[in-house]
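work-v1.csv (CSV, C-alpha atoms) appears below.
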chain,number,residue,atom,x,y,z
A,1,MET,CA,27.7,-12.4,-18.9
A,2,ARG,CA,28.4,-9.1,-20.6
A,3,ILE,CA,27.1,-6.4,-18.4
A,4,VAL,CA,26.5,-2.7,-19.3
A,5,HIS,CA,26.4,-0.5,-16.3
A,6,TYR,CA,24.4,2.8,-16.1
A,7,VAL,CA,25.5,5.6,-13.8
A,8,ASN,CA,24.7,9.3,-13.6
A,9,GLN,CA,27.2,12.2,-14.2
A,10,PHE,CA,28.1,12.4,-10.5
A,11,TYR,CA,29.2,8.8,-10.1
A,12,ALA,CA,31.0,8.9,-13.5
A,13,GLY,CA,33.1,11.7,-12.1
A,14,LEU,CA,31.9,14.2,-14.7
A,15,GLY,CA,30.6,16.7,-12.2
A,16,GLY,CA,27.7,17.6,-9.9
A,17,GLU,CA,24.7,19.7,-10.5
A,18,GLU,CA,26.6,21.8,-13.1
A,19,ALA,CA,26.9,18.7,-15.3
A,20,ALA,CA,23.3,17.4,-14.6
A,21,GLY,CA,22.2,18.6,-18.0
A,22,SER,CA,24.8,16.6,-20.0
A,23,GLY,CA,23.5,14.1,-22.5
A,24,PRO,CA,24.2,10.3,-22.8
A,25,ARG,CA,27.6,9.0,-23.5
A,26,VAL,CA,29.4,5.6,-23.5
A,27,LEU,CA,32.6,4.9,-21.7
A,28,ASP,CA,34.7,1.8,-22.0
A,29,GLY,CA,34.8,-0.7,-19.1
A,30,THR,CA,34.1,0.3,-15.5
A,31,VAL,CA,33.7,3.7,-14.0
A,32,GLY,CA,33.2,4.8,-10.4
A,33,PRO,CA,31.0,2.3,-8.5
A,34,GLY,CA,31.4,-0.1,-11.4
A,35,ARG,CA,35.0,-0.8,-10.4
A,36,LEU,CA,33.9,-2.2,-7.0
A,37,LEU,CA,31.1,-4.1,-8.6
A,38,ALA,CA,33.5,-5.7,-11.1
A,39,GLN,CA,35.7,-6.7,-8.2
A,40,LEU,CA,32.8,-8.3,-6.4
A,41,LEU,CA,31.7,-10.2,-9.5
A,42,GLY,CA,35.1,-11.7,-10.1
A,43,ASP,CA,35.9,-13.2,-13.5
A,44,ALA,CA,32.5,-14.8,-14.3
A,45,HIS,CA,30.9,-11.6,-15.5
A,46,GLN,CA,32.4,-8.6,-17.2
A,47,ILE,CA,31.3,-5.0,-17.2
A,48,VAL,CA,32.0,-4.2,-20.9
A,49,ALA,CA,30.9,-0.6,-20.9
A,50,THR,CA,29.4,2.2,-18.8
A,51,ILE,CA,26.6,4.4,-20.0
A,52,VAL,CA,26.5,7.9,-18.4
A,53,CYS,CA,23.9,10.6,-18.5
A,54,GLY,CA,23.2,13.8,-16.6
A,55,ASP,CA,20.3,13.5,-14.1
A,56,ASP,CA,18.4,16.5,-15.5
A,57,TYR,CA,18.7,15.3,-19.0
A,58,ALA,CA,17.7,11.7,-18.1
A,59,ALA,CA,14.7,12.7,-15.9
A,60,SER,CA,13.2,15.3,-18.2
A,61,THR,CA,13.9,14.2,-21.7
A,62,ASP,CA,11.2,11.9,-23.1
A,63,ALA,CA,13.5,10.0,-25.4
A,64,ALA,CA,16.2,9.5,-22.9
A,65,ALA,CA,15.4,5.9,-21.9
A,66,ALA,CA,15.2,4.9,-25.6
A,67,GLU,CA,18.5,6.6,-26.4
A,68,LEU,CA,20.3,5.0,-23.4
A,69,LEU,CA,18.8,1.6,-24.3
A,70,GLU,CA,20.1,1.8,-27.8
A,71,MET,CA,23.6,2.6,-26.5
A,72,THR,CA,23.3,-0.3,-24.1
A,73,ARG,CA,22.4,-2.7,-26.9
A,74,ASP,CA,25.2,-1.3,-29.1
A,75,ALA,CA,27.7,-2.1,-26.4
A,76,GLY,CA,26.7,-5.7,-26.6
A,77,ALA,CA,24.9,-6.1,-23.2
A,78,GLU,CA,23.5,-9.4,-22.1
A,79,LEU,CA,22.4,-7.7,-18.8
A,80,LEU,CA,21.9,-4.0,-17.9
A,81,VAL,CA,22.6,-2.9,-14.4
A,82,ALA,CA,21.5,0.6,-13.3
A,83,GLY,CA,22.6,2.5,-10.2
A,84,PRO,CA,22.7,2.2,-7.3
A,85,ALA,CA,20.7,5.4,-7.1
A,86,PHE,CA,20.3,5.3,-3.3
A,87,GLY,CA,17.7,8.0,-2.4
A,88,SER,CA,18.4,10.3,-5.3
A,89,GLY,CA,15.2,11.1,-7.1
A,90,ARG,CA,16.2,12.0,-10.6
A,91,TYR,CA,18.9,9.3,-10.7
A,92,GLY,CA,16.3,6.8,-9.5
A,93,LEU,CA,13.8,7.8,-12.2
A,94,ALA,CA,16.5,7.5,-14.8
A,95,CYS,CA,17.6,4.0,-13.6
A,96,ALA,CA,14.0,2.8,-13.3
A,97,ARG,CA,12.9,4.0,-16.8
A,98,LEU,CA,15.9,2.6,-18.4
A,99,VAL,CA,15.6,-0.9,-16.8
A,100,ALA,CA,11.8,-0.8,-17.6
A,101,ALA,CA,12.5,-0.1,-21.3
A,102,ALA,CA,15.3,-2.8,-21.4
A,103,GLN,CA,13.2,-5.5,-19.8
A,104,ALA,CA,10.2,-4.6,-22.1
A,105,ALA,CA,12.5,-4.9,-25.1
A,106,GLY,CA,13.7,-8.4,-23.9
A,107,LEU,CA,17.0,-7.3,-22.4
A,108,PRO,CA,17.4,-8.5,-18.8
A,109,ALA,CA,17.9,-5.6,-16.5
A,110,LEU,CA,18.4,-4.8,-12.8
A,111,ALA,CA,18.3,-1.6,-10.9
A,112,ALA,CA,19.2,-0.7,-7.3
A,113,MET,CA,17.8,2.1,-5.3
A,114,HIS,CA,16.4,2.9,-1.8
A,115,PRO,CA,12.9,1.6,-1.3
A,116,ASP,CA,11.6,5.2,-0.8
A,117,ASN,CA,13.1,6.4,-4.1
A,118,PRO,CA,10.3,8.0,-6.2
A,119,GLY,CA,11.7,6.1,-9.2
A,120,LEU,CA,10.8,2.7,-7.8
A,121,THR,CA,7.2,2.8,-9.2
A,122,GLU,CA,8.6,3.4,-12.8
A,123,ALA,CA,10.7,0.2,-13.1
A,124,GLY,CA,7.9,-1.7,-14.8
A,125,ALA,CA,8.6,-5.5,-15.0
A,126,ALA,CA,12.3,-5.1,-14.2
A,127,PRO,CA,13.6,-6.2,-10.8
A,128,VAL,CA,14.9,-3.5,-8.3
A,129,VAL,CA,17.0,-4.5,-5.3
A,130,ALA,CA,17.2,-2.3,-2.2
A,131,ALA,CA,20.1,0.2,-1.8
A,132,GLY,CA,20.9,2.1,1.3
A,133,ALA,CA,19.7,5.7,1.6
A,134,THR,CA,23.1,7.3,0.7
A,135,SER,CA,26.3,6.3,-0.9
A,136,ARG,CA,27.8,5.6,2.5
A,137,GLN,CA,26.1,2.2,2.0
A,138,MET,CA,27.9,1.7,-1.3
A,139,ARG,CA,29.7,-1.6,-0.4
A,140,PRO,CA,26.8,-3.5,1.1
A,141,THR,CA,24.5,-2.3,-1.7
A,142,LEU,CA,26.9,-3.5,-4.4
A,143,GLN,CA,27.2,-6.8,-2.5
A,144,THR,CA,23.4,-7.2,-2.9
A,145,VAL,CA,23.7,-6.2,-6.5
A,146,ALA,CA,26.5,-8.6,-7.2
A,147,ALA,CA,24.6,-11.5,-5.6
A,148,ALA,CA,21.5,-10.6,-7.6
A,149,ILE,CA,23.5,-10.6,-10.8
A,150,GLU,CA,24.8,-14.1,-10.0
A,151,LYS,CA,21.3,-15.3,-9.5
A,152,LEU,CA,20.0,-13.7,-12.6
A,153,ALA,CA,22.8,-15.3,-14.6
A,154,THR,CA,21.4,-18.7,-13.6
A,155,GLY,CA,18.1,-17.8,-15.1
A,156,ALA,CA,16.3,-17.6,-11.7
A,157,THR,CA,13.9,-14.8,-10.6
A,158,LEU,CA,14.8,-12.4,-7.8
A,159,THR,CA,12.7,-12.5,-4.7
A,160,VAL,CA,12.4,-10.5,-1.5
A,161,ALA,CA,15.2,-12.7,-0.1
A,162,ASP,CA,17.5,-11.3,-2.7
A,163,GLY,CA,16.7,-7.7,-1.5
A,164,ARG,CA,14.1,-7.2,-4.2
A,165,VAL,CA,11.8,-4.3,-3.4
A,166,ALA,CA,8.3,-3.9,-4.8
A,167,ARG,CA,4.8,-3.6,-3.4
A,168,ALA,CA,4.1,-6.8,-1.6
A,169,ALA,CA,0.9,-8.6,-2.5
A,170,ARG,CA,-1.7,-8.8,0.3
A,171,THR,CA,-3.1,-12.2,0.9
A,172,GLY,CA,-6.0,-13.2,3.0
A,173,ARG,CA,-5.7,-15.5,6.0
A,174,LEU,CA,-7.9,-16.6,8.9
A,175,VAL,CA,-7.0,-15.6,12.4
A,176,GLU,CA,-8.4,-17.0,15.6
A,177,GLN,CA,-9.7,-13.9,17.3
A,178,ARG,CA,-12.2,-11.4,15.9
A,179,ALA,CA,-11.1,-7.7,15.4
A,180,ALA,CA,-12.6,-6.3,18.6
A,181,ALA,CA,-10.7,-8.8,20.8
A,182,ARG,CA,-7.5,-8.2,18.9
A,183,ALA,CA,-7.9,-4.4,19.2
A,184,VAL,CA,-8.4,-4.6,23.0
A,185,GLU,CA,-5.4,-6.9,23.3
A,186,LEU,CA,-3.3,-4.5,21.2
A,187,VAL,CA,-4.3,-1.5,23.3
A,188,LEU,CA,-3.4,-3.4,26.5
A,189,ARG,CA,0.0,-4.4,25.1
A,190,ARG,CA,0.7,-0.8,23.9
A,191,LEU,CA,-0.3,0.6,27.3
A,192,ALA,CA,2.2,-1.9,28.8
A,193,GLY,CA,5.0,-0.4,26.8
A,194,GLU,CA,5.1,-2.1,23.4
A,195,ARG,CA,4.5,1.2,21.6
A,196,ASP,CA,5.2,0.2,18.0
A,197,LEU,CA,2.7,-2.7,17.7
A,198,THR,CA,0.2,-2.4,14.9
A,199,GLU,CA,-1.7,-4.5,12.4
A,200,VAL,CA,-1.7,-1.7,9.9
A,201,PRO,CA,1.8,-0.3,9.4
A,202,ILE,CA,1.7,3.2,7.9
A,203,GLY,CA,4.5,4.7,5.9
A,204,GLY,CA,6.5,7.3,7.6
A,205,PHE,CA,6.8,10.9,6.5
A,206,ASP,CA,10.0,12.0,4.7
A,207,VAL,CA,12.0,15.0,5.6
A,208,VAL,CA,12.4,17.7,2.9
A,209,ALA,CA,15.6,19.7,3.1
A,210,PRO,CA,14.9,23.3,2.3
A,211,SER,CA,16.8,24.7,-0.7
A,212,ALA,CA,19.3,27.5,-0.4
A,213,PRO,CA,17.6,30.8,-0.8
A,214,VAL,CA,17.6,32.7,-4.1
A,215,GLU,CA,19.9,35.7,-3.8
A,216,ALA,CA,17.6,38.3,-5.3
A,217,ALA,CA,14.2,37.9,-6.9
A,218,ALA,CA,15.0,41.0,-9.0
A,219,SER,CA,17.6,39.1,-10.9
A,220,ALA,CA,16.1,35.6,-10.8
A,221,THR,CA,13.9,33.6,-13.2
A,222,ILE,CA,10.8,32.6,-11.2
A,223,ALA,CA,8.3,29.9,-12.3
A,224,LEU,CA,4.6,29.6,-11.4
A,225,VAL,CA,3.4,26.1,-10.9
A,226,THR,CA,0.2,24.7,-9.5
A,227,GLU,CA,-1.6,21.5,-8.5
A,228,GLY,CA,-4.9,23.3,-9.0
A,229,ALA,CA,-5.6,21.9,-12.5
A,230,VAL,CA,-5.6,25.2,-14.4
A,231,VAL,CA,-5.8,24.4,-18.1
A,232,PRO,CA,-7.0,26.1,-21.3
A,233,ALA,CA,-10.8,26.3,-21.4
A,234,GLY,CA,-12.2,22.9,-22.7
A,235,ASN,CA,-9.2,21.0,-21.2
A,236,PRO,CA,-7.8,20.1,-24.6
A,237,ASP,CA,-5.2,17.8,-23.2
A,238,ARG,CA,-7.6,16.0,-20.9
A,239,LEU,CA,-5.9,16.5,-17.5
A,240,GLU,CA,-7.6,14.3,-15.0
A,241,SER,CA,-9.8,16.0,-12.4
A,242,ALA,CA,-8.6,13.5,-9.7
A,243,ARG,CA,-5.8,11.0,-9.2
A,244,ALA,CA,-3.4,12.5,-11.7
A,245,THR,CA,-1.2,10.3,-13.7
A,246,ARG,CA,0.6,13.1,-15.5
A,247,TRP,CA,1.3,16.8,-15.5
A,248,LEU,CA,1.2,19.4,-18.3
A,249,ARG,CA,2.9,22.6,-19.3
A,250,TYR,CA,1.3,25.7,-20.9
A,251,PRO,CA,3.1,28.7,-22.4
A,252,ILE,CA,2.4,32.1,-20.9
A,253,GLU,CA,4.8,34.2,-22.9
A,254,GLY,CA,3.1,37.5,-23.7
A,255,ILE,CA,0.0,36.7,-21.5
A,256,ASP,CA,-0.6,39.3,-18.7
A,257,SER,CA,-3.5,37.6,-17.0
A,258,LEU,CA,-5.4,34.3,-17.1
A,259,ALA,CA,-8.7,35.5,-18.6
A,260,SER,CA,-12.0,33.9,-17.5
A,261,GLY,CA,-13.4,31.9,-20.4
A,262,GLU,CA,-9.9,31.2,-21.8
A,263,TRP,CA,-8.6,29.3,-18.8
A,264,GLU,CA,-10.4,27.1,-16.2
A,265,SER,CA,-9.7,24.7,-13.4
A,266,VAL,CA,-10.8,21.1,-13.9
A,267,ASP,CA,-10.0,20.1,-10.3
A,268,GLY,CA,-12.6,17.7,-9.0
A,269,GLY,CA,-11.9,18.4,-5.4
A,270,PHE,CA,-13.5,21.8,-4.9
A,271,ALA,CA,-16.1,24.1,-6.4
A,272,THR,CA,-14.4,25.8,-9.3
A,273,THR,CA,-16.9,28.7,-9.7
A,274,ALA,CA,-14.6,31.3,-8.1
A,275,ALA,CA,-11.5,29.9,-9.9
A,276,ASN,CA,-13.2,30.0,-13.3
A,277,ALA,CA,-14.5,33.5,-12.8
A,278,ASP,CA,-10.9,34.6,-12.3
A,279,PRO,CA,-8.3,31.8,-12.9
A,280,ASN,CA,-5.6,34.2,-11.4
A,281,ARG,CA,-7.1,33.2,-8.1
A,282,VAL,CA,-5.4,29.8,-8.5
A,283,LEU,CA,-2.4,30.7,-10.6
A,284,PRO,CA,-1.5,34.4,-9.8
A,285,LEU,CA,-0.2,35.3,-13.2
A,286,ASP,CA,-1.6,38.9,-13.2
A,287,ALA,CA,0.2,39.9,-10.0
A,288,ALA,CA,3.4,38.1,-11.0
A,289,ARG,CA,3.4,39.8,-14.4
A,290,THR,CA,3.0,43.2,-12.8
A,291,LEU,CA,5.8,42.5,-10.4
A,292,GLU,CA,8.0,41.4,-13.3
A,293,ARG,CA,7.2,44.6,-15.2
A,294,GLU,CA,8.1,46.7,-12.1
A,295,GLY,CA,11.4,44.8,-11.8
A,296,THR,CA,10.6,43.0,-8.5
A,297,ILE,CA,10.8,39.7,-10.4
A,298,GLY,CA,13.8,39.4,-12.8
A,299,ARG,CA,11.9,37.2,-15.3
A,300,LEU,CA,8.8,35.1,-15.2
A,301,HIS,CA,9.4,31.6,-16.7
A,302,ASN,CA,7.7,31.4,-20.1
A,303,GLU,CA,5.5,28.5,-19.2
A,304,PHE,CA,3.7,27.1,-16.1
A,305,LEU,CA,3.6,23.5,-15.0
A,306,VAL,CA,0.3,22.1,-13.8
A,307,THR,CA,-1.2,18.9,-12.5
A,308,VAL,CA,-4.2,18.0,-10.2
A,309,GLY,CA,-3.4,17.3,-6.6
A,310,ASN,CA,-6.9,16.0,-5.9
A,311,GLY,CA,-6.6,12.4,-4.6
A,312,THR,CA,-3.2,12.0,-6.3
A,313,PRO,CA,-1.0,9.4,-4.5
A,314,VAL,CA,2.0,10.7,-2.6
A,315,ALA,CA,4.3,8.5,-4.7
A,316,THR,CA,3.0,10.0,-7.9
A,317,ALA,CA,3.3,13.5,-6.5
A,318,ARG,CA,6.9,12.9,-5.4
A,319,ARG,CA,7.7,11.8,-9.0
A,320,PHE,CA,6.1,14.9,-10.4
A,321,GLY,CA,8.1,17.0,-8.0
A,322,VAL,CA,11.4,15.4,-9.1
A,323,GLU,CA,10.4,15.9,-12.8
A,324,TRP,CA,9.4,19.5,-12.2
A,325,ALA,CA,12.6,20.3,-10.4
A,326,ALA,CA,14.7,18.8,-13.3
A,327,GLU,CA,12.6,20.5,-15.9
A,328,LEU,CA,12.8,23.9,-14.2
A,329,ARG,CA,16.5,23.6,-13.4
A,330,LYS,CA,17.2,22.7,-17.1
A,331,ALA,CA,15.2,25.8,-18.1
A,332,GLY,CA,17.4,28.0,-15.9
A,333,VAL,CA,14.7,28.7,-13.3
A,334,GLN,CA,15.9,29.6,-9.8
A,335,ALA,CA,12.7,29.4,-7.8
A,336,ALA,CA,9.1,28.3,-8.2
A,337,ILE,CA,5.9,29.5,-6.6
A,338,LEU,CA,3.5,26.6,-6.2
A,339,THR,CA,-0.1,27.4,-5.5
A,340,ALA,CA,-2.0,24.5,-3.9
A,341,THR,CA,-5.8,24.1,-3.6
B,1,MET,CA,2.3,30.2,3.1
B,2,PRO,CA,-1.4,30.1,4.0
B,3,GLY,CA,-3.6,30.9,0.9
B,4,ARG,CA,-7.0,32.5,1.1
B,5,GLY,CA,-8.9,29.3,0.7
B,6,ILE,CA,-8.9,25.9,-1.0
B,7,PRO,CA,-10.9,27.0,-4.0
B,8,TYR,CA,-8.9,30.3,-4.4
B,9,PRO,CA,-5.5,30.2,-2.8
B,10,ALA,CA,-4.4,33.4,-4.5
B,11,GLY,CA,-7.7,35.3,-4.5
B,12,ASP,CA,-10.8,36.1,-2.5
B,13,PRO,CA,-14.1,36.5,-4.2
B,14,ASP,CA,-15.5,38.3,-1.2
B,15,LEU,CA,-13.3,41.3,-1.6
B,16,PRO,CA,-14.0,44.1,-4.1
B,17,PRO,CA,-11.8,43.5,-7.2
B,18,PRO,CA,-9.2,46.3,-6.5
B,19,ALA,CA,-8.7,44.9,-2.9
B,20,GLU,CA,-8.5,41.4,-4.1
B,21,GLN,CA,-5.8,42.3,-6.7
B,22,ALA,CA,-3.8,44.2,-4.0
B,23,TRP,CA,-4.0,41.2,-1.7
B,24,ARG,CA,-2.8,38.9,-4.5
B,25,ARG,CA,0.1,41.2,-5.2
B,26,ARG,CA,1.1,41.1,-1.5
B,27,LEU,CA,0.8,37.3,-1.6
B,28,VAL,CA,3.3,37.0,-4.5
B,29,GLN,CA,5.6,39.6,-2.9
B,30,ARG,CA,5.6,37.6,0.3
B,31,ALA,CA,6.3,34.4,-1.8
B,32,LEU,CA,9.3,36.2,-3.2
B,33,GLU,CA,10.5,37.1,0.3
B,34,ALA,CA,10.1,33.4,1.2
B,35,VAL,CA,12.3,32.1,-1.6
B,36,THR,CA,15.0,34.7,-0.8
B,37,THR,CA,15.0,33.7,2.9
B,38,ALA,CA,17.3,31.0,4.4
B,39,ILE,CA,15.1,28.3,6.0
B,40,GLU,CA,16.3,26.1,8.7
B,41,ARG,CA,13.0,24.8,10.3
B,42,PRO,CA,9.4,24.7,9.3
B,43,THR,CA,8.4,28.4,8.8
B,44,ILE,CA,5.1,30.0,8.0
B,45,PHE,CA,5.1,33.0,5.8
B,46,ASP,CA,1.8,34.9,6.5
B,47,VAL,CA,0.8,37.6,4.2
B,48,ARG,CA,0.9,40.6,6.5
B,49,GLU,CA,-2.7,41.8,6.9
B,50,GLU,CA,-3.2,45.3,5.9
B,51,ALA,CA,-6.4,47.3,5.7
B,52,HIS,CA,-8.3,46.3,2.5
B,53,ALA,CA,-8.2,49.4,0.3
Transcribe the structure of this file into structure tokens.
Amino acid sequence: MRIVHYVNQFYAGLGGEEAAGSGPRVLDGTVGPGRLLAQLLGDAHQIVATIVCGDDYAASTDAAAAELLEMTRDAGAELLVAGPAFGSGRYGLACARLVAAAQAAGLPALAAMHPDNPGLTEAGAAPVVAAGATSRQMRPTLQTVAAAIEKLATGATLTVADGRVARAARTGRLVEQRAAARAVELVLRRLAGERDLTEVPIGGFDVVAPSAPVEAAASATIALVTEGAVVPAGNPDRLESARATRWLRYPIEGIDSLASGEWESVDGGFATTAANADPNRVLPLDAARTLEREGTIGRLHNEFLVTVGNGTPVATARRFGVEWAAELRKAGVQAAILTAT
Amino acid sequence: MPGRGIPYPAGDPDLPPPAEQAWRRRLVQRALEAVTTAIERPTIFDVREEAHA
């Protein structure tokens, strides 16, 4: 099969964060991890081209997936392979959106990323196989990818046994003991030392590494962002009041304060009376503008980003976080103040 | 940073307007201190309580 491989700017050797804004480009043959993948595949399949894009560009440009797909097709792909993105959020989103677009357009595609990558839910109908958490697991991950490619080449569908990750379907079954008896038995076994036994496994909490501090607020561009659903009065873009599926942006250039009657909160999770009487109570634009005028803030970013946190699943919120970070970095913002309701 | 309350993280309708605005200003100033501080472990940045003017 003719394979086109997608990697980000880092794995293509174009640079780290300073190159994250770079747009799509095509390179001949294999680059970076593609070399090892080609070795593992042997002669049966050939990586004919590598498509590269900066993470910020790929994660925050609406047309990025379509652009990258067109390049993939032009390179003569019979199969698109994206990643492995490991635990990297923007890279994972880029891989997932690209393989989703490819699969939807009839081009077989495969991505690899860590099961906790926020991109996973964006892969649509395309298969995703598990990668390790970091590039230290490059070789075993590429072995999984190579085996998956071999299987896809036979026309078969990937399953959990191939390392495929996705939400597992829950199926009903009858058990011998009723819940009360099982619960007592479980307590006894746990008291006896089997601490991890459960019938309801709960996802763990991830660890967020704090960013390096901004050197001086007086010379920085600072953004205001909120999950408190502050929107123009009348909610013209129909932001959800719960279980957000998207986020919005509104320009605040030249606005000194969020006036009551012009802005409102549509959050369905709390009484919005006080917020609507003075929307600065949710997004503190008036105070931030004053501090900007006095020189305490170098520059206030010219728009704010907003979604609703009410009932929004963690996986969705993580994806918004990745998208916001890419968006703000691209706009030259050094720090964001997020007000949460 | 703890906000004032879920329906108004950056405000307090129980305060007279000048005091509320002064409090919001301190909140944003404290946020600016937070983003310019190196963080190594979970850290709470309280707004230092001052007498409401």
_Env of Ala34 of chain B: 12 Å cut, atoms = only C-alpha atoms, seq-sep filter 4 positions within chain, self excluded. Answer as an MDAnalysis selection string._
(chainID A and resid 210:217 335:337) or (chainID B and resid 1 27:30 38:39 42:47)
Go through chain B residue by residue and, counting all atoms listed in the file, keep those with an atom at most 10 Å from chain A; for each kept residue give the shortest atom pair and its distance in Å to one decimal, ordered by chain and increasing number, as CSV.
residue,atom,partner,partner_atom,distance
B:Met1,CA,A:Thr339,CA,9.4
B:Pro2,CA,A:Ala340,CA,9.7
B:Gly3,CA,A:Thr339,CA,8.1
B:Arg4,CA,A:Arg281,CA,9.2
B:Gly5,CA,A:Thr341,CA,7.4
B:Ile6,CA,A:Thr341,CA,4.4
B:Pro7,CA,A:Thr341,CA,5.9
B:Tyr8,CA,A:Arg281,CA,5.0
B:Pro9,CA,A:Val282,CA,5.7
B:Ala10,CA,A:Arg281,CA,4.5
B:Gly11,CA,A:Arg281,CA,4.2
B:Asp12,CA,A:Arg281,CA,7.3
B:Pro13,CA,A:Ala274,CA,6.5
B:Asp14,CA,A:Ala274,CA,9.9
B:Glu20,CA,A:Arg281,CA,9.2
B:Gln21,CA,A:Ala287,CA,7.3
B:Ala22,CA,A:Ala287,CA,8.4
B:Trp23,CA,A:Ala287,CA,9.4
B:Arg24,CA,A:Ala287,CA,6.3
B:Arg25,CA,A:Ala287,CA,5.0
B:Arg26,CA,A:Ala287,CA,8.6
B:Leu27,CA,A:Ala287,CA,8.8
B:Val28,CA,A:Ala288,CA,6.6
B:Gln29,CA,A:Leu291,CA,8.0
B:Ala31,CA,A:Ile337,CA,6.9
B:Leu32,CA,A:Ala217,CA,6.4
B:Glu33,CA,A:Ala217,CA,8.1
B:Ala34,CA,A:Pro213,CA,8.2
B:Val35,CA,A:Pro213,CA,5.5
B:Thr36,CA,A:Val214,CA,4.7
B:Thr37,CA,A:Pro213,CA,5.4
B:Ala38,CA,A:Pro213,CA,5.2
B:Ile39,CA,A:Pro210,CA,6.2
B:Glu40,CA,A:Pro210,CA,7.1
B:Arg41,CA,A:Pro210,CA,8.4
B:Pro42,CA,A:Pro210,CA,9.0
*Straight-line distance linking atom CA of Thr30 of chain A with atom CA of Thr154 of chain A, stated in Å to one decimal*: 22.9 Å
*Dig up all the protein and nucleic acid residues within 12 Å of (12.1, -5.9, -26.1) in the file frame, using all atoms listed in the file, and format them as a ChimeraX atom specification.*
/A:66,69-70,73,99-109,125-126
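Taking all atoms listed in the file, the non-local environment of Gly16 of chain A within 12 Å (same-chain residues fewer than 4 positions away omitted) comprises Asn8, Gln9, Phe10, Tyr11, Ala12, Ala20, Gly21, Ser22, Cys53, Gly54, Asp55 and Asp56 of chain A.
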Keeping C-alpha atoms, export the residues of the selection given above as a compact mmCIF listing (two decimals), in the frame of the given file.
# COMPACT_ATOMS: atom_id res chain seq x y z
CA ASN A 8 24.70 9.30 -13.60
CA GLN A 9 27.20 12.20 -14.20
CA PHE A 10 28.10 12.40 -10.50
CA TYR A 11 29.20 8.80 -10.10
CA ALA A 12 31.00 8.90 -13.50
CA ALA A 20 23.30 17.40 -14.60
CA GLY A 21 22.20 18.60 -18.00
CA SER A 22 24.80 16.60 -20.00
CA CYS A 53 23.90 10.60 -18.50
CA GLY A 54 23.20 13.80 -16.60
CA ASP A 55 20.30 13.50 -14.10
CA ASP A 56 18.40 16.50 -15.50
